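With mmCIF, C-alpha atoms (C1' of nucleotides) inside, this is start.cif:
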```
data_work
#
loop_
_atom_site.label_atom_id
_atom_site.label_comp_id
_atom_site.auth_asym_id
_atom_site.auth_seq_id
_atom_site.Cartn_x
_atom_site.Cartn_y
_atom_site.Cartn_z
CA MET A 16 22.15 20.85 -25.70
CA TYR A 17 19.97 19.00 -23.19
CA HIS A 18 22.51 20.08 -20.61
CA GLU A 19 20.71 23.41 -20.25
CA LEU A 20 17.62 21.56 -19.02
CA LEU A 21 19.63 19.83 -16.36
CA LYS A 22 21.28 23.08 -15.29
CA ALA A 23 17.87 24.67 -14.93
CA TYR A 24 16.64 21.68 -12.92
CA PHE A 25 19.57 21.82 -10.52
CA ASN A 26 19.56 25.61 -10.18
CA LYS A 27 15.98 25.56 -9.00
CA ILE A 28 17.17 23.55 -6.01
CA VAL A 29 20.59 25.01 -5.24
CA ARG A 30 22.05 28.16 -6.76
CA PHE A 31 25.26 27.31 -8.60
CA THR A 32 27.67 29.67 -10.33
CA PRO A 33 27.87 29.27 -14.12
CA ASN A 34 31.26 27.61 -13.66
CA GLU A 35 29.90 25.14 -11.16
CA SER A 36 26.92 24.39 -13.38
CA ASP A 37 29.20 23.64 -16.30
CA ALA A 38 31.46 21.46 -14.21
CA ILE A 39 28.45 19.49 -13.00
CA VAL A 40 26.69 18.86 -16.28
CA ARG A 41 29.96 17.90 -17.97
CA TYR A 42 29.64 14.65 -16.03
CA TYR A 43 26.30 13.84 -17.65
CA GLN A 44 26.24 12.19 -21.06
CA GLU A 45 23.39 11.91 -23.49
CA LYS A 46 22.06 8.41 -23.98
CA ARG A 47 19.30 7.37 -26.35
CA VAL A 48 17.17 4.39 -25.50
CA ALA A 49 14.75 2.81 -27.96
CA LYS A 50 11.23 1.90 -26.93
CA GLY A 51 11.19 -1.49 -25.23
CA GLU A 52 14.87 -1.42 -24.34
CA PHE A 53 15.90 -2.13 -20.75
CA ILE A 54 18.46 0.05 -19.04
CA LEU A 55 18.39 -2.22 -16.00
CA ARG A 56 17.34 -5.82 -15.52
CA LYS A 57 16.75 -7.62 -12.26
CA ASN A 58 19.96 -8.98 -10.68
CA GLU A 59 22.20 -6.59 -12.57
CA VAL A 60 24.04 -3.83 -10.75
CA PHE A 61 22.67 -0.45 -11.66
CA ARG A 62 25.50 1.60 -13.13
CA LEU A 63 23.87 4.73 -14.48
CA GLU A 64 21.68 7.34 -12.85
CA GLY A 65 19.64 9.16 -15.46
CA TYR A 66 17.71 12.38 -15.90
CA VAL A 67 14.93 11.93 -18.46
CA VAL A 68 14.84 14.67 -21.09
CA GLU A 69 12.56 12.90 -23.56
CA GLY A 70 10.30 9.87 -23.50
CA CYS A 71 9.17 7.73 -20.61
CA PHE A 72 10.38 4.80 -18.53
CA LYS A 73 8.73 2.34 -16.23
CA VAL A 74 10.49 1.14 -13.11
CA SER A 75 9.09 -2.18 -11.95
CA ILE A 76 9.67 -5.37 -10.04
CA ILE A 77 8.69 -8.92 -10.91
CA ASP A 78 7.33 -10.63 -7.81
CA GLU A 79 7.76 -14.33 -7.06
CA LYS A 80 4.47 -15.16 -8.81
CA GLY A 81 5.87 -13.58 -11.98
CA ASN A 82 3.63 -10.52 -11.86
CA GLU A 83 5.08 -7.19 -12.80
CA LYS A 84 4.42 -4.37 -10.35
CA VAL A 85 5.16 -0.83 -11.52
CA LEU A 86 6.97 1.12 -8.84
CA TYR A 87 6.90 4.40 -10.73
CA PHE A 88 7.02 6.05 -14.12
CA ALA A 89 9.76 8.46 -15.10
CA ALA A 90 8.84 10.88 -17.87
CA ARG A 91 10.50 14.15 -18.89
CA ASP A 92 12.14 15.97 -15.97
CA TRP A 93 12.23 12.86 -13.76
CA TRP A 94 15.04 10.58 -12.68
CA VAL A 95 15.47 6.88 -13.30
CA MET A 96 17.53 4.93 -10.87
CA ASP A 97 17.61 2.09 -8.47
CA ILE A 98 18.80 4.21 -5.61
CA ASP A 99 19.78 1.18 -3.54
CA SER A 100 21.64 -0.70 -6.24
CA PHE A 101 23.35 2.46 -7.52
CA ALA A 102 24.56 3.60 -4.11
CA ASN A 103 25.70 0.24 -2.81
CA GLN A 104 26.48 -1.45 -6.13
CA THR A 105 24.42 -4.46 -5.13
CA ALA A 106 22.26 -6.59 -7.41
CA SER A 107 19.05 -4.80 -8.26
CA SER A 108 15.58 -6.21 -7.81
CA LEU A 109 14.15 -3.78 -10.36
CA ASN A 110 13.64 -3.61 -14.10
CA ILE A 111 13.84 -0.26 -15.85
CA GLN A 112 12.48 -0.22 -19.37
CA ALA A 113 11.79 2.55 -21.89
CA ILE A 114 8.12 2.61 -22.85
CA GLU A 115 8.79 5.19 -25.56
CA ASP A 116 11.90 6.16 -27.52
CA SER A 117 13.70 8.14 -24.86
CA THR A 118 16.70 10.27 -24.14
CA LEU A 119 18.55 10.48 -20.86
CA LEU A 120 21.45 12.35 -19.37
CA VAL A 121 23.35 9.72 -17.43
CA ILE A 122 26.17 9.62 -14.93
CA SER A 123 28.07 6.58 -13.75
CA ARG A 124 28.43 5.75 -10.11
CA ASP A 125 32.19 6.47 -10.16
CA ASN A 126 31.70 9.81 -11.85
CA LYS A 127 29.03 10.70 -9.38
CA GLU A 128 31.48 10.17 -6.54
CA ARG A 129 33.99 12.34 -8.42
CA LEU A 130 31.34 14.98 -8.90
CA TYR A 131 30.56 15.06 -5.16
CA ASN A 132 34.25 15.68 -4.54
CA GLU A 133 34.83 18.19 -7.31
CA VAL A 134 31.78 20.32 -6.47
CA PRO A 135 30.92 19.79 -2.81
CA LYS A 136 27.73 21.82 -3.13
CA VAL A 137 26.38 18.88 -5.12
CA GLU A 138 26.09 17.06 -1.80
CA ARG A 139 23.64 19.73 -0.76
CA LEU A 140 21.81 19.43 -4.06
CA PHE A 141 21.23 15.72 -3.70
CA ARG A 142 20.62 16.01 0.03
CA ILE A 143 17.67 18.25 -0.81
CA MET A 144 16.53 16.08 -3.73
CA TYR A 145 16.55 12.94 -1.64
CA GLN A 146 14.90 14.75 1.25
CA ARG A 147 12.04 15.65 -1.07
CA ALA A 148 11.98 12.12 -2.41
CA VAL A 149 11.51 10.71 1.09
CA ALA A 150 8.57 13.06 1.64
CA ALA A 151 7.07 12.02 -1.70
CA TRP A 152 7.36 8.28 -0.99
CA GLN A 153 5.81 8.77 2.44
CA LYS A 154 2.88 10.58 0.85
CA ARG A 155 2.44 7.82 -1.70
CA LEU A 156 2.30 5.25 1.08
CA ILE A 157 -0.24 7.33 2.98
CA ARG A 158 -2.39 7.62 -0.13
CA ASN A 159 -2.28 3.87 -0.56
CA GLN A 160 -3.47 3.37 3.00
CA THR A 161 -6.15 6.05 3.12
CA MET A 162 -7.64 6.17 -0.39
CA ASN A 163 -9.51 3.43 -2.21
CA ALA A 164 -8.68 2.38 -5.76
CA GLU A 165 -11.02 4.84 -7.44
CA GLU A 166 -9.70 7.75 -5.42
CA ARG A 167 -6.14 6.75 -6.20
CA TYR A 168 -6.94 6.58 -9.90
CA GLN A 169 -8.57 10.01 -9.77
CA HIS A 170 -5.50 11.37 -8.02
CA PHE A 171 -3.18 9.78 -10.54
CA ILE A 172 -4.85 11.18 -13.64
CA THR A 173 -5.09 14.58 -11.99
CA ILE A 174 -1.48 14.95 -11.01
CA TYR A 175 0.02 13.00 -13.94
CA PRO A 176 -2.15 13.96 -16.94
CA GLU A 177 0.78 13.58 -19.33
CA ILE A 178 1.83 10.17 -18.06
CA THR A 179 -1.80 9.06 -18.24
CA LYS A 180 -1.57 9.62 -21.98
CA GLN A 181 1.84 7.99 -22.32
CA VAL A 182 1.24 4.66 -20.61
CA THR A 183 -1.32 1.85 -20.89
CA ASN A 184 -4.10 1.33 -18.38
CA LYS A 185 -2.56 -1.99 -17.51
CA LEU A 186 0.54 -0.19 -16.27
CA ILE A 187 -1.48 2.44 -14.42
CA ALA A 188 -3.40 -0.36 -12.69
CA SER A 189 -0.11 -1.94 -11.68
CA TYR A 190 1.17 1.39 -10.33
CA LEU A 191 -2.05 1.81 -8.34
CA GLY A 192 -1.75 -1.69 -6.95
CA ILE A 193 -4.89 -3.11 -8.55
CA THR A 194 -5.67 -5.43 -11.47
CA GLN A 195 -6.30 -4.08 -14.95
CA GLU A 196 -9.77 -5.64 -14.86
CA PHE A 197 -10.72 -3.70 -11.78
CA LEU A 198 -9.34 -0.47 -13.23
CA SER A 199 -11.47 -1.12 -16.29
CA MET A 200 -14.50 -1.39 -14.01
CA ILE A 201 -13.61 1.83 -12.25
CA ARG A 202 -13.29 3.59 -15.58
CA ARG A 203 -16.70 2.37 -16.69
CA ARG A 204 -18.26 3.47 -13.42
CA ARG A 205 -16.66 6.89 -13.81
CA SER A 206 -17.78 7.36 -17.41
CA LYS A 207 -21.35 6.46 -16.46
CA LYS A 208 -21.29 8.96 -13.63
CA SER A 209 -19.99 11.75 -15.81
CA THR A 210 -22.68 11.30 -18.47
CA LYS A 211 -25.49 11.45 -15.94
CA MET B 7 26.20 11.63 27.66
CA TYR B 8 23.84 10.44 24.98
CA HIS B 9 25.94 12.46 22.57
CA GLU B 10 28.34 9.55 22.24
CA LEU B 11 25.55 7.43 20.77
CA LEU B 12 24.85 10.05 18.16
CA LYS B 13 28.54 10.38 17.31
CA ALA B 14 28.74 6.63 16.81
CA TYR B 15 25.63 6.70 14.64
CA PHE B 16 26.99 9.46 12.41
CA ASN B 17 30.50 8.02 12.20
CA LYS B 18 29.18 4.78 10.81
CA ILE B 19 27.92 6.75 7.82
CA VAL B 20 30.61 9.41 7.31
CA ARG B 21 33.97 9.49 9.02
CA PHE B 22 34.29 12.71 11.01
CA THR B 23 37.28 14.00 12.95
CA PRO B 24 36.80 14.19 16.73
CA ASN B 25 36.56 17.97 16.39
CA GLU B 26 33.90 17.73 13.74
CA SER B 27 31.97 15.18 15.77
CA ASP B 28 32.00 17.46 18.78
CA ALA B 29 30.93 20.45 16.72
CA ILE B 30 28.04 18.47 15.29
CA VAL B 31 26.63 16.94 18.44
CA ARG B 32 26.86 20.29 20.27
CA TYR B 33 23.83 21.29 18.20
CA TYR B 34 21.76 18.46 19.60
CA GLN B 35 20.00 18.90 22.92
CA GLU B 36 18.54 16.28 25.19
CA LYS B 37 14.76 16.35 25.46
CA ARG B 38 12.64 14.09 27.63
CA VAL B 39 9.12 13.28 26.56
CA ALA B 40 6.63 11.55 28.82
CA LYS B 41 4.51 8.68 27.57
CA GLY B 42 1.47 9.98 25.73
CA GLU B 43 2.96 13.40 25.05
CA PHE B 44 2.88 14.74 21.51
CA ILE B 45 5.97 16.35 20.02
CA LEU B 46 4.00 17.26 16.91
CA ARG B 47 0.32 17.67 16.22
CA LYS B 48 -1.40 17.94 12.88
CA ASN B 49 -1.37 21.47 11.43
CA GLU B 50 1.58 22.56 13.52
CA VAL B 51 4.93 23.28 11.91
CA PHE B 52 7.49 20.69 12.87
CA ARG B 53 10.38 22.50 14.57
CA LEU B 54 12.56 19.74 15.96
CA GLU B 55 14.25 16.80 14.32
CA GLY B 56 15.04 14.14 16.87
CA TYR B 57 17.25 11.11 17.31
CA VAL B 58 15.66 8.62 19.70
CA VAL B 59 18.01 7.39 22.41
CA GLU B 60 15.38 5.88 24.70
CA GLY B 61 11.73 4.91 24.38
CA CYS B 62 9.48 4.78 21.36
CA PHE B 63 7.33 7.09 19.24
CA LYS B 64 4.56 6.59 16.76
CA VAL B 65 4.30 8.80 13.71
CA SER B 66 0.77 8.80 12.33
CA ILE B 67 -1.86 10.62 10.37
CA ILE B 68 -5.56 11.01 11.01
CA ASP B 69 -7.50 10.51 7.80
CA GLU B 70 -10.71 12.34 6.93
CA LYS B 71 -12.82 9.55 8.48
CA GLY B 72 -10.99 10.13 11.77
CA ASN B 73 -8.99 6.89 11.66
CA GLU B 74 -5.42 6.95 12.79
CA LYS B 75 -2.92 5.37 10.42
CA VAL B 76 0.55 4.68 11.75
CA LEU B 77 3.19 5.71 9.24
CA TYR B 78 6.09 4.33 11.25
CA PHE B 79 7.47 3.69 14.71
CA ALA B 80 10.68 5.26 15.93
CA ALA B 81 12.42 3.41 18.73
CA ARG B 82 16.02 3.66 19.97
CA ASP B 83 18.48 4.60 17.20
CA TRP B 84 15.77 5.93 14.88
CA TRP B 85 14.76 9.43 13.87
CA VAL B 86 11.47 11.21 14.39
CA MET B 87 10.56 13.97 12.01
CA ASP B 88 8.11 15.18 9.51
CA ILE B 89 10.69 15.59 6.80
CA ASP B 90 8.36 17.69 4.67
CA SER B 91 7.18 20.04 7.40
CA PHE B 92 10.66 20.40 8.89
CA ALA B 93 12.36 21.21 5.60
CA ASN B 94 9.75 23.59 4.24
CA GLN B 95 8.29 24.80 7.53
CA THR B 96 4.81 24.09 6.31
CA ALA B 97 1.89 22.81 8.38
CA SER B 98 2.30 19.13 9.13
CA SER B 99 -0.29 16.48 8.42
CA LEU B 100 1.28 14.14 10.98
CA ASN B 101 1.03 13.46 14.70
CA ILE B 102 4.10 12.32 16.58
CA GLN B 103 3.44 10.91 20.03
CA ALA B 104 5.61 9.14 22.59
CA ILE B 105 4.24 5.67 23.35
CA GLU B 106 6.72 5.23 26.20
CA ASP B 107 8.68 7.65 28.36
CA SER B 108 11.33 8.66 25.88
CA THR B 109 14.48 10.67 25.41
CA LEU B 110 15.53 12.42 22.25
CA LEU B 111 18.44 14.44 20.99
CA VAL B 112 16.84 17.28 19.07
CA ILE B 113 17.93 20.02 16.72
CA SER B 114 15.88 22.97 15.53
CA ARG B 115 15.45 23.74 11.88
CA ASP B 116 17.52 26.95 12.18
CA ASN B 117 20.33 25.17 13.97
CA LYS B 118 20.30 22.44 11.39
CA GLU B 119 20.89 25.01 8.66
CA ARG B 120 23.74 26.45 10.75
CA LEU B 121 25.16 22.99 11.18
CA TYR B 122 25.13 22.37 7.43
CA ASN B 123 27.13 25.58 7.03
CA GLU B 124 29.52 25.06 9.91
CA VAL B 125 30.38 21.47 9.00
CA PRO B 126 29.76 21.01 5.26
CA LYS B 127 30.42 17.27 5.48
CA VAL B 128 27.09 17.07 7.28
CA GLU B 129 25.47 17.63 3.89
CA ARG B 130 27.08 14.39 2.82
CA LEU B 131 25.94 12.66 6.00
CA PHE B 132 22.31 13.55 5.47
CA ARG B 133 22.54 13.02 1.73
CA ILE B 134 23.48 9.42 2.47
CA MET B 135 20.90 9.07 5.25
CA TYR B 136 18.10 10.35 3.04
CA GLN B 137 19.31 8.24 0.13
CA ARG B 138 18.95 5.17 2.34
CA ALA B 139 15.58 6.39 3.53
CA VAL B 140 14.31 6.62 -0.04
CA ALA B 141 15.40 3.05 -0.67
CA ALA B 142 13.69 1.92 2.54
CA TRP B 143 10.38 3.62 1.71
CA GLN B 144 10.43 2.14 -1.77
CA LYS B 145 10.92 -1.31 -0.30
CA ARG B 146 8.06 -0.78 2.12
CA LEU B 147 5.77 0.17 -0.75
CA ILE B 148 6.85 -2.88 -2.73
CA ARG B 149 6.14 -5.10 0.27
CA ASN B 150 2.67 -3.60 0.57
CA GLN B 151 1.96 -4.38 -3.06
CA THR B 152 3.44 -7.87 -3.22
CA MET B 153 2.80 -9.41 0.20
CA ASN B 154 -0.54 -10.17 1.82
CA ALA B 155 -1.38 -9.13 5.36
CA GLU B 156 -0.08 -12.29 7.00
CA GLU B 157 3.23 -12.11 5.15
CA ARG B 158 3.60 -8.46 6.09
CA TYR B 159 2.93 -9.28 9.73
CA GLN B 160 5.49 -12.08 9.65
CA HIS B 161 8.00 -9.69 8.11
CA PHE B 162 7.26 -7.03 10.71
CA ILE B 163 7.77 -9.22 13.75
CA THR B 164 10.91 -10.68 12.21
CA ILE B 165 12.68 -7.43 11.45
CA TYR B 166 11.28 -5.43 14.39
CA PRO B 167 11.19 -7.90 17.29
CA GLU B 168 11.80 -5.13 19.81
CA ILE B 169 9.11 -2.82 18.49
CA THR B 170 6.71 -5.77 18.44
CA LYS B 171 7.12 -5.90 22.22
CA GLN B 172 6.86 -2.14 22.67
CA VAL B 173 3.64 -1.39 20.80
CA THR B 174 0.07 -2.69 20.85
CA ASN B 175 -1.32 -4.98 18.18
CA LYS B 176 -3.77 -2.27 17.29
CA LEU B 177 -0.88 -0.03 16.28
CA ILE B 178 0.90 -2.82 14.41
CA ALA B 179 -2.31 -3.47 12.46
CA SER B 180 -2.48 0.19 11.60
CA TYR B 181 1.15 0.17 10.44
CA LEU B 182 0.45 -2.88 8.28
CA GLY B 183 -2.61 -1.23 6.77
CA ILE B 184 -5.19 -3.65 8.16
CA THR B 185 -7.79 -3.60 10.95
CA GLN B 186 -6.97 -4.82 14.41
CA GLU B 187 -9.72 -7.44 14.09
CA PHE B 188 -8.11 -8.93 11.03
CA LEU B 189 -4.69 -8.93 12.67
CA SER B 190 -6.27 -10.77 15.58
CA MET B 191 -7.54 -13.41 13.14
CA ILE B 192 -4.11 -13.71 11.53
CA ARG B 193 -2.56 -14.23 14.95
CA ARG B 194 -5.03 -16.96 15.83
CA ARG B 195 -4.43 -18.68 12.50
CA ARG B 196 -0.68 -18.55 13.10
CA SER B 197 -0.85 -19.87 16.63
CA LYS B 198 -3.00 -22.81 15.46
CA LYS B 199 -0.51 -23.60 12.72
CA SER B 200 2.45 -23.57 15.08
CA THR B 201 0.85 -25.96 17.58
CA LYS B 202 0.06 -28.56 14.91
"C1'" DC C 13 -2.38 -4.68 -45.70
"C1'" DT C 14 -2.55 -8.80 -42.92
"C1'" DC C 15 -1.53 -11.65 -39.16
"C1'" DA C 16 -0.36 -11.94 -34.58
"C1'" DT C 17 0.16 -10.03 -30.36
"C1'" DT C 18 -1.23 -7.26 -26.68
"C1'" DA C 19 -4.50 -4.20 -24.34
"C1'" DT C 20 -9.14 -3.49 -22.93
"C1'" DT C 21 -13.66 -4.74 -21.52
"C1'" DT C 22 -17.27 -7.56 -19.48
"C1'" DA C 23 -19.16 -10.62 -16.29
"C1'" DA C 24 -19.60 -14.29 -12.90
"C1'" DA C 25 -17.60 -16.64 -9.10
"C1'" DC C 26 -14.59 -15.95 -5.52
"C1'" DT C 27 -11.53 -14.26 -1.47
"C1'" DA C 28 -8.91 -11.14 1.43
"C1'" DG C 29 -9.89 -7.99 4.36
"C1'" DT C 30 -13.72 -4.75 6.63
"C1'" DT C 31 -17.57 -3.67 9.48
"C1'" DT C 32 -20.37 -4.16 13.29
"C1'" DA C 33 -21.27 -5.76 17.67
"C1'" DA C 34 -20.33 -7.88 21.87
"C1'" DG C 35 -17.68 -10.23 25.46
"C1'" DA C 36 -13.13 -11.18 27.75
"C1'" DA C 37 -8.68 -9.71 29.07
"C1'" DT C 38 -5.36 -6.00 30.27
"C1'" DA C 39 -3.89 -1.58 31.64
"C1'" DT C 40 -4.45 2.80 33.72
"C1'" DT C 41 -5.97 6.01 37.06
"C1'" DG C 42 -7.58 7.97 41.28
"C1'" DC D 6 -7.71 -1.75 45.31
"C1'" DA D 7 -11.76 -0.65 42.69
"C1'" DA D 8 -13.46 1.66 38.74
"C1'" DT D 9 -12.79 2.82 34.14
"C1'" DA D 10 -10.91 2.74 29.89
"C1'" DT D 11 -8.59 0.42 26.41
"C1'" DT D 12 -7.08 -3.54 23.96
"C1'" DC D 13 -7.85 -8.00 22.21
"C1'" DT D 14 -10.72 -11.64 20.46
"C1'" DT D 15 -14.59 -13.85 18.15
"C1'" DA D 16 -17.98 -14.27 14.76
"C1'" DA D 17 -21.35 -13.15 11.21
"C1'" DA D 18 -22.53 -10.27 7.43
"C1'" DC D 19 -20.54 -7.62 4.09
"C1'" DT D 20 -17.60 -5.29 0.29
"C1'" DA D 21 -13.60 -3.95 -2.35
"C1'" DG D 22 -10.88 -5.95 -5.19
"C1'" DT D 23 -9.24 -10.64 -7.53
"C1'" DT D 24 -9.54 -14.51 -10.57
"C1'" DT D 25 -10.85 -16.79 -14.52
"C1'" DA D 26 -12.45 -16.84 -18.96
"C1'" DA D 27 -13.95 -15.05 -23.12
"C1'" DA D 28 -14.92 -11.41 -26.53
"C1'" DT D 29 -13.49 -7.12 -28.68
"C1'" DA D 30 -10.41 -3.44 -29.84
"C1'" DA D 31 -6.05 -1.59 -30.77
"C1'" DT D 32 -1.27 -1.92 -32.03
"C1'" DG D 33 2.85 -3.49 -34.24
"C1'" DA D 34 5.83 -6.38 -37.26
"C1'" DG D 35 6.76 -8.04 -41.62
#
```

Give the structure from the file, written as structure tokens.
Amino acid sequence: MYHELLKAYFNKIVRFTPNESDAIVRYYQEKRVAKGEFILRKNEVFRLEGYVVEGCFKVSIIDEKGNEKVLYFAARDWWVMDIDSFANQTASSLNIQAIEDSTLLVISRDNKERLYNEVPKVERLFRIMYQRAVAAWQKRLIRNQTMNAEERYQHFITIYPEITKQVTNKLIASYLGITQEFLSMIRRRRSKKSTK
Amino acid sequence: MYHELLKAYFNKIVRFTPNESDAIVRYYQEKRVAKGEFILRKNEVFRLEGYVVEGCFKVSIIDEKGNEKVLYFAARDWWVMDIDSFANQTASSLNIQAIEDSTLLVISRDNKERLYNEVPKVERLFRIMYQRAVAAWQKRLIRNQTMNAEERYQHFITIYPEITKQVTNKLIASYLGITQEFLSMIRRRRSKKSTK
DNA sequence: CTCATTATTTAAACTAGTTTAAGAATATTG
DNA sequence: CAATATTCTTAAACTAGTTTAAATAATGAG
């Protein structure tokens, strides 16, 4: 039944006929993931690309000092993947873990290649999706270089109000590239300001 | 004559027939840009996507304090574009300026759409190119969050030895997200180390 | 419900990187 | 070639964000 969500998602980007839509979503299977479960661990090869229909994931790396850095969150209507590992079937440097009980629609790498061949317009679909993704990552980098931590936090809670509720401050701090202690200070500063 | 370079570039990603290759590169026109010239200024709509065959460009933004931040450099065999502005024909927030006398192969947004339709495999080509670009931007962000300024500088001069020669330290500092003064200090520290 | 774990806050000492200012070295232009 | 502009360097004072440590609050497992 979640397939309708995925059809709607895709049809907003490229207009498919009902037949094409059906053929596409047939490749995607429902997968439930319990809170805390990993769908990818560092050094594994990422085998499934997933559209999140329920719940929330964190995509992170562990640096050489053992610190976890959150690369991004994927809540409802987002995708989880290690685009590099999935495309090239190389060992991943990322962890992907459910931070709530979650449900995905997943496709394997082999099936994705089959899908590109069966419905060539899917190339266009993902061309546009990736094109937008490049623009989004560029903007994120620009924000990191032009905004200070407080401004980045403000931006985060404004554009991701739902995720703000779903994840801990520790993880938000990691996403923003600061320590949880400093985020705590920012939050105090902000709450003082707002009561004045 | 530069068209052969572009054919080679594309054929490394997707195998095209000679006819297809010819059809594709016919859409790309040679454009010379003198040092210092802008091919895009903030608030304009980006109309040309370009493959650099000669020279070097800087792609940057001016933040609200008036500081220029270099997003990336594009030397030979790279692409210059504002992917967001080009795709959606919205006002750009970027400047793109030649930092040497340069030569590009350019395509207009309208011709690019025609190209996608004339040679559908080009969708696949750019799907793969953008997919790789997403992976590259993610890695850049991870480097920014896990490496300090000196490590980032070391990484930069290692993977971009040519660009290191082509651009000023001021611009490298901007790319790395630090001030030129601090980069200068890093360079002194490094040169002391290496003479010990 | 209780114990244990994890997240959050606070604060003081610290450090990586910035700011400001000025002089020296390079490049650019007429 | 001289004049001018720009880049690069140095250094001191500063600040945004980190580290360490400890206390408190919230959450989760049994």

Return as CSV the residues of chain A lying at most 9 Å from chain B, together with the closest atom-to-atom pair for each and the distance in Å to one decimal, counting all atoms listed in the file, with rows in chain order and ascending residue number.
```
residue,atom,partner,partner_atom,distance
A:Ile76,CA,B:Ile148,CA,8.2
A:Asp78,CA,B:Thr152,CA,6.6
A:Glu79,CA,B:Thr152,CA,8.7
A:Lys84,CA,B:Gln151,CA,7.7
A:Leu86,CA,B:Ile148,CA,7.3
A:Asp97,CA,B:Ala141,CA,8.2
A:Ile98,CA,B:Ala141,CA,6.1
A:Asp99,CA,B:Ala141,CA,5.6
A:Ala102,CA,B:Gln137,CA,8.2
A:Tyr131,CA,B:Arg130,CA,8.7
A:Pro135,CA,B:Pro126,CA,8.2
A:Lys136,CA,B:Glu129,CA,8.5
A:Glu138,CA,B:Arg130,CA,5.4
A:Arg139,CA,B:Glu129,CA,5.4
A:Leu140,CA,B:Arg133,CA,8.7
A:Phe141,CA,B:Arg133,CA,6.2
A:Arg142,CA,B:Arg133,CA,3.9
A:Ile143,CA,B:Arg133,CA,7.6
A:Met144,CA,B:Arg133,CA,8.7
A:Tyr145,CA,B:Tyr136,CA,5.6
A:Gln146,CA,B:Tyr136,CA,5.7
A:Arg147,CA,B:Asp90,CA,7.1
A:Ala148,CA,B:Val140,CA,6.4
A:Val149,CA,B:Val140,CA,5.1
A:Ala150,CA,B:Asp90,CA,5.5
A:Ala151,CA,B:Asp90,CA,8.6
A:Trp152,CA,B:Trp143,CA,6.2
A:Gln153,CA,B:Trp143,CA,6.9
A:Arg155,CA,B:Leu147,CA,8.4
A:Leu156,CA,B:Leu147,CA,6.4
A:Ile157,CA,B:Leu77,CA,7.3
A:Asn159,CA,B:Leu147,CA,8.9
A:Gln160,CA,B:Gly183,CA,6.0
A:Thr161,CA,B:Asp69,CA,6.6
A:Gly192,CA,B:Gln151,CA,6.0
A:Ile193,CA,B:Gln151,CA,8.9
```

Up to 12 Å from chain B, what residues of chain C turn up? Count all atoms listed in the file and give them as a PDB file with C-alpha atoms (C1' of nucleotides), in the coordinates of the input.
```pdb
ATOM      1  C1'  DA C  28      -8.910 -11.140   1.430  1.00  0.00           C
ATOM      2  C1'  DG C  29      -9.890  -7.990   4.360  1.00  0.00           C
ATOM      3  C1'  DT C  30     -13.720  -4.750   6.630  1.00  0.00           C
ATOM      4  C1'  DT C  31     -17.570  -3.670   9.480  1.00  0.00           C
ATOM      5  C1'  DT C  32     -20.370  -4.160  13.290  1.00  0.00           C
ATOM      6  C1'  DT C  38      -5.360  -6.000  30.270  1.00  0.00           C
ATOM      7  C1'  DA C  39      -3.890  -1.580  31.640  1.00  0.00           C
TER       8       DA C  39
END
```

Hey, could you make a per-residue contact list for chain D against chain A with 12 Å as the cut-off, showing the nearest pair of atoms and its distance in Å to one decimal, counting all atoms listed in the file, sorted by chain and number, as a tab-separated table?
```
residue	atom	partner	partner_atom	distance
D:DA21	C1'	A:Asn163	CA	8.4
D:DG22	C1'	A:Phe197	CA	7.0
D:DT23	C1'	A:Thr194	CA	7.4
D:DT24	C1'	A:Glu196	CA	9.9
D:DT25	C1'	A:Glu196	CA	11.2
D:DA31	C1'	A:Thr183	CA	11.5
D:DT32	C1'	A:Thr183	CA	11.8
```

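Counting from C1' of DA17 in chain D, the distance to C1' of DA24 in chain C is 24.2 Å.
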
message: Could you tell me how far CA of Arg167 in chain A sits from CA of Lys57 in chain A, in Å to one decimal place?
response: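 Pair CA of Lys57 in chain A / CA of Arg167 in chain A returns 27.7 Å.
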
- request: Name the residues that the PyMOL selection byres ((chain A and resi 43) around 10) pulls out of this structure, and write them as a list in words.
  value: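 For this structure, the PyMOL selection byres ((chain A and resi 43) around 10) resolves to Tyr17, His18, Leu21, Ala38, Ile39, Val40, Arg41, Tyr42, Gln44, Glu45, Lys46, Leu63, Glu64, Gly65, Tyr66, Leu119, Leu120, Val121, Ile122, Ser123, Asn126 and Lys127 of chain A.
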
query: If you apply the PyMOL selection byres ((chain D and resi 10) around 12) to this file, what residues do you get, as a count of residues only?
result: 8

statement: What separates CA of Thr118 in chain A and CA of Lys180 in chain A is a distance of 18.4 Å

For the provided coordinates, the residues matched by the PyMOL selection byres ((chain A and resi 172) around 12) should be stated as a CSV table (one decimal) with C-alpha atoms, in the coordinates of the input.
```csv
chain,number,residue,atom,x,y,z
A,165,GLU,CA,-11.0,4.8,-7.4
A,166,GLU,CA,-9.7,7.8,-5.4
A,167,ARG,CA,-6.1,6.8,-6.2
A,168,TYR,CA,-6.9,6.6,-9.9
A,169,GLN,CA,-8.6,10.0,-9.8
A,170,HIS,CA,-5.5,11.4,-8.0
A,171,PHE,CA,-3.2,9.8,-10.5
A,173,THR,CA,-5.1,14.6,-12.0
A,174,ILE,CA,-1.5,15.0,-11.0
A,175,TYR,CA,0.0,13.0,-13.9
A,176,PRO,CA,-2.2,14.0,-16.9
A,177,GLU,CA,0.8,13.6,-19.3
A,178,ILE,CA,1.8,10.2,-18.1
A,179,THR,CA,-1.8,9.1,-18.2
A,180,LYS,CA,-1.6,9.6,-22.0
A,181,GLN,CA,1.8,8.0,-22.3
A,182,VAL,CA,1.2,4.7,-20.6
A,184,ASN,CA,-4.1,1.3,-18.4
A,187,ILE,CA,-1.5,2.4,-14.4
A,188,ALA,CA,-3.4,-0.4,-12.7
A,190,TYR,CA,1.2,1.4,-10.3
A,191,LEU,CA,-2.0,1.8,-8.3
A,202,ARG,CA,-13.3,3.6,-15.6
```
